[in-house]
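Q: The following block contains the structure, expressed as structure tokens.
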Amino acid sequence: MHLFAPTILLFALNLFDAVLTIVWVRSGVATEGNQLMASLLDIGNGPFLGAKIAVGLAAAIVLFKWGNRPLARYGLTVALALYIGLMGIHLFTGLAAFGYVSNTFVEELGQWSGQFLAFII
């Protein structure tokens, strides 16, 4: 089974995550949680976006080349689930930025998601 469409979806979610992160960080609504990416973001939007695209492109190439392996399908499923969850966090960040939900709720949601991931791992 070839993973063309899910791989493109993963790359698109990665790019969307990068753009939303830049918007939220530059507007002062959120901070970047990944310290390496935060340091790239401190340098500028270009290095941050370039690194995100490079990582997404590397993942896409690997998945295109070895997408027929069971591990690739499993890894892609996990990555898509995480990115879809991350899009939910971006949604709540946006809702909080525009005053539709309280900042306390977003902080509690972030703590809950961290505890959930710690439980899974």
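Identifiers in this document derive from the order of the structure tokens: chains are assigned A, B, ..., residues are numbered from 1 separately in each chain, and ligands are numbered from 1 in order of occurrence.
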Mind the document's chain letters and residue numbers, and return as a VMD selection string the residues of chain A that DSSP labels helix (DSSP H, G or I).

A: chain A and resid 4 to 26 35 to 43 45 to 66 70 to 97 103 to 120

Q: Counting only C-alpha atoms, what is within 10 Å of Phe92 in chain A, bar same-chain residues fewer than 2 positions away, as a list in words?

A: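 Once the nearby chain positions are removed, what remains is Leu86, Met87, Gly88, Ile89, His90, Gly94, Leu95, Ala96, Ala97, Phe98, Tyr100, Val101, Ser102, Asn103, Phe105, Val106, Glu107, Leu109 and Gly110 of chain A.
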
Q: Give me the range 25-85 of chain A side of the contact with range 2-15 of chain A, cut-off 9 Å, one line per residue showing its nearest atom pair and distance in Å at one decimal, counting only C-alpha atoms, sorted by chain and residue number, as CSV.

A:
residue,atom,partner,partner_atom,distance
A:Leu49,CA,A:Leu15,CA,8.1
A:Lys52,CA,A:Leu15,CA,7.1
A:Ile53,CA,A:Leu15,CA,6.7
A:Val55,CA,A:Asn14,CA,8.9
A:Gly56,CA,A:Phe11,CA,5.5
A:Leu57,CA,A:Phe11,CA,7.1
A:Ala59,CA,A:Phe11,CA,8.2
A:Ala60,CA,A:Thr7,CA,5.9
A:Leu63,CA,A:Thr7,CA,6.8
A:Phe64,CA,A:Phe4,CA,6.8
A:Trp66,CA,A:His2,CA,8.9
A:Gly67,CA,A:Leu3,CA,5.7
A:Asn68,CA,A:His2,CA,5.9
A:Ala72,CA,A:Leu3,CA,8.8
A:Arg73,CA,A:Leu3,CA,7.6
A:Leu76,CA,A:Thr7,CA,7.4
A:Thr77,CA,A:Pro6,CA,8.6
A:Ala79,CA,A:Leu10,CA,7.5
A:Leu80,CA,A:Leu10,CA,6.0
A:Tyr83,CA,A:Leu13,CA,6.5
A:Ile84,CA,A:Leu13,CA,7.8

Q: The selected residues should be written to file as a PDB file, in the first residue's frame (atoms: C-alpha atoms).

A:
ATOM      1  CA  LEU A  49      10.323  27.815   8.345  1.00  0.00           C
ATOM      2  CA  LYS A  52      10.389  22.828   9.402  1.00  0.00           C
ATOM      3  CA  ILE A  53      10.143  22.364   5.634  1.00  0.00           C
ATOM      4  CA  VAL A  55      12.331  18.046   8.252  1.00  0.00           C
ATOM      5  CA  GLY A  56       8.937  17.581   6.596  1.00  0.00           C
ATOM      6  CA  LEU A  57      10.547  17.022   3.214  1.00  0.00           C
ATOM      7  CA  ALA A  59      10.116  12.587   6.263  1.00  0.00           C
ATOM      8  CA  ALA A  60       8.130  12.681   3.011  1.00  0.00           C
ATOM      9  CA  LEU A  63       7.879   7.638   3.415  1.00  0.00           C
ATOM     10  CA  PHE A  64       7.743   7.742  -0.396  1.00  0.00           C
ATOM     11  CA  TRP A  66       9.847   2.956   2.086  1.00  0.00           C
ATOM     12  CA  GLY A  67       6.100   3.470   2.407  1.00  0.00           C
ATOM     13  CA  ASN A  68       5.392  -0.190   1.713  1.00  0.00           C
ATOM     14  CA  ALA A  72       6.347   3.245   7.804  1.00  0.00           C
ATOM     15  CA  ARG A  73       2.573   2.828   7.929  1.00  0.00           C
ATOM     16  CA  LEU A  76       2.840   7.702   9.626  1.00  0.00           C
ATOM     17  CA  THR A  77      -0.322   6.869  11.569  1.00  0.00           C
ATOM     18  CA  ALA A  79       2.680  11.158  13.270  1.00  0.00           C
ATOM     19  CA  LEU A  80      -0.688  12.062  11.747  1.00  0.00           C
ATOM     20  CA  TYR A  83      -0.231  16.478  14.212  1.00  0.00           C
ATOM     21  CA  ILE A  84      -4.031  16.345  14.242  1.00  0.00           C
TER      22      ILE A  84
END

Q: Measuring atom to atom with only C-alpha atoms, identify which of A:Pro47, A:Leu91, A:Asp42, A:Asn34 is nearest to Phe16 in chain A.

A: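 For Phe16 in chain A, the nearest of the candidates is A:Leu91.
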
Q: Could you tell me how far CA of Ala58 in chain A sits from CA of Ala30 in chain A, in Å to one decimal place?

A: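 Separating CA of Ala30 in chain A from CA of Ala58 in chain A is a distance of 27.0 Å.
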
Q: Find the residue from A:Gly33, A:Ile61, A:Ala18, A:Arg26 that sits nearest to Gly114 in chain A; use only C-alpha atoms when measuring.

A: A:Gly33

Q: Nearest to Leu40 in chain A among A:Ile22, A:Gly75, A:Phe116, A:Glu108, with distances taken over only C-alpha atoms: which residue is it?

A: A:Ile22
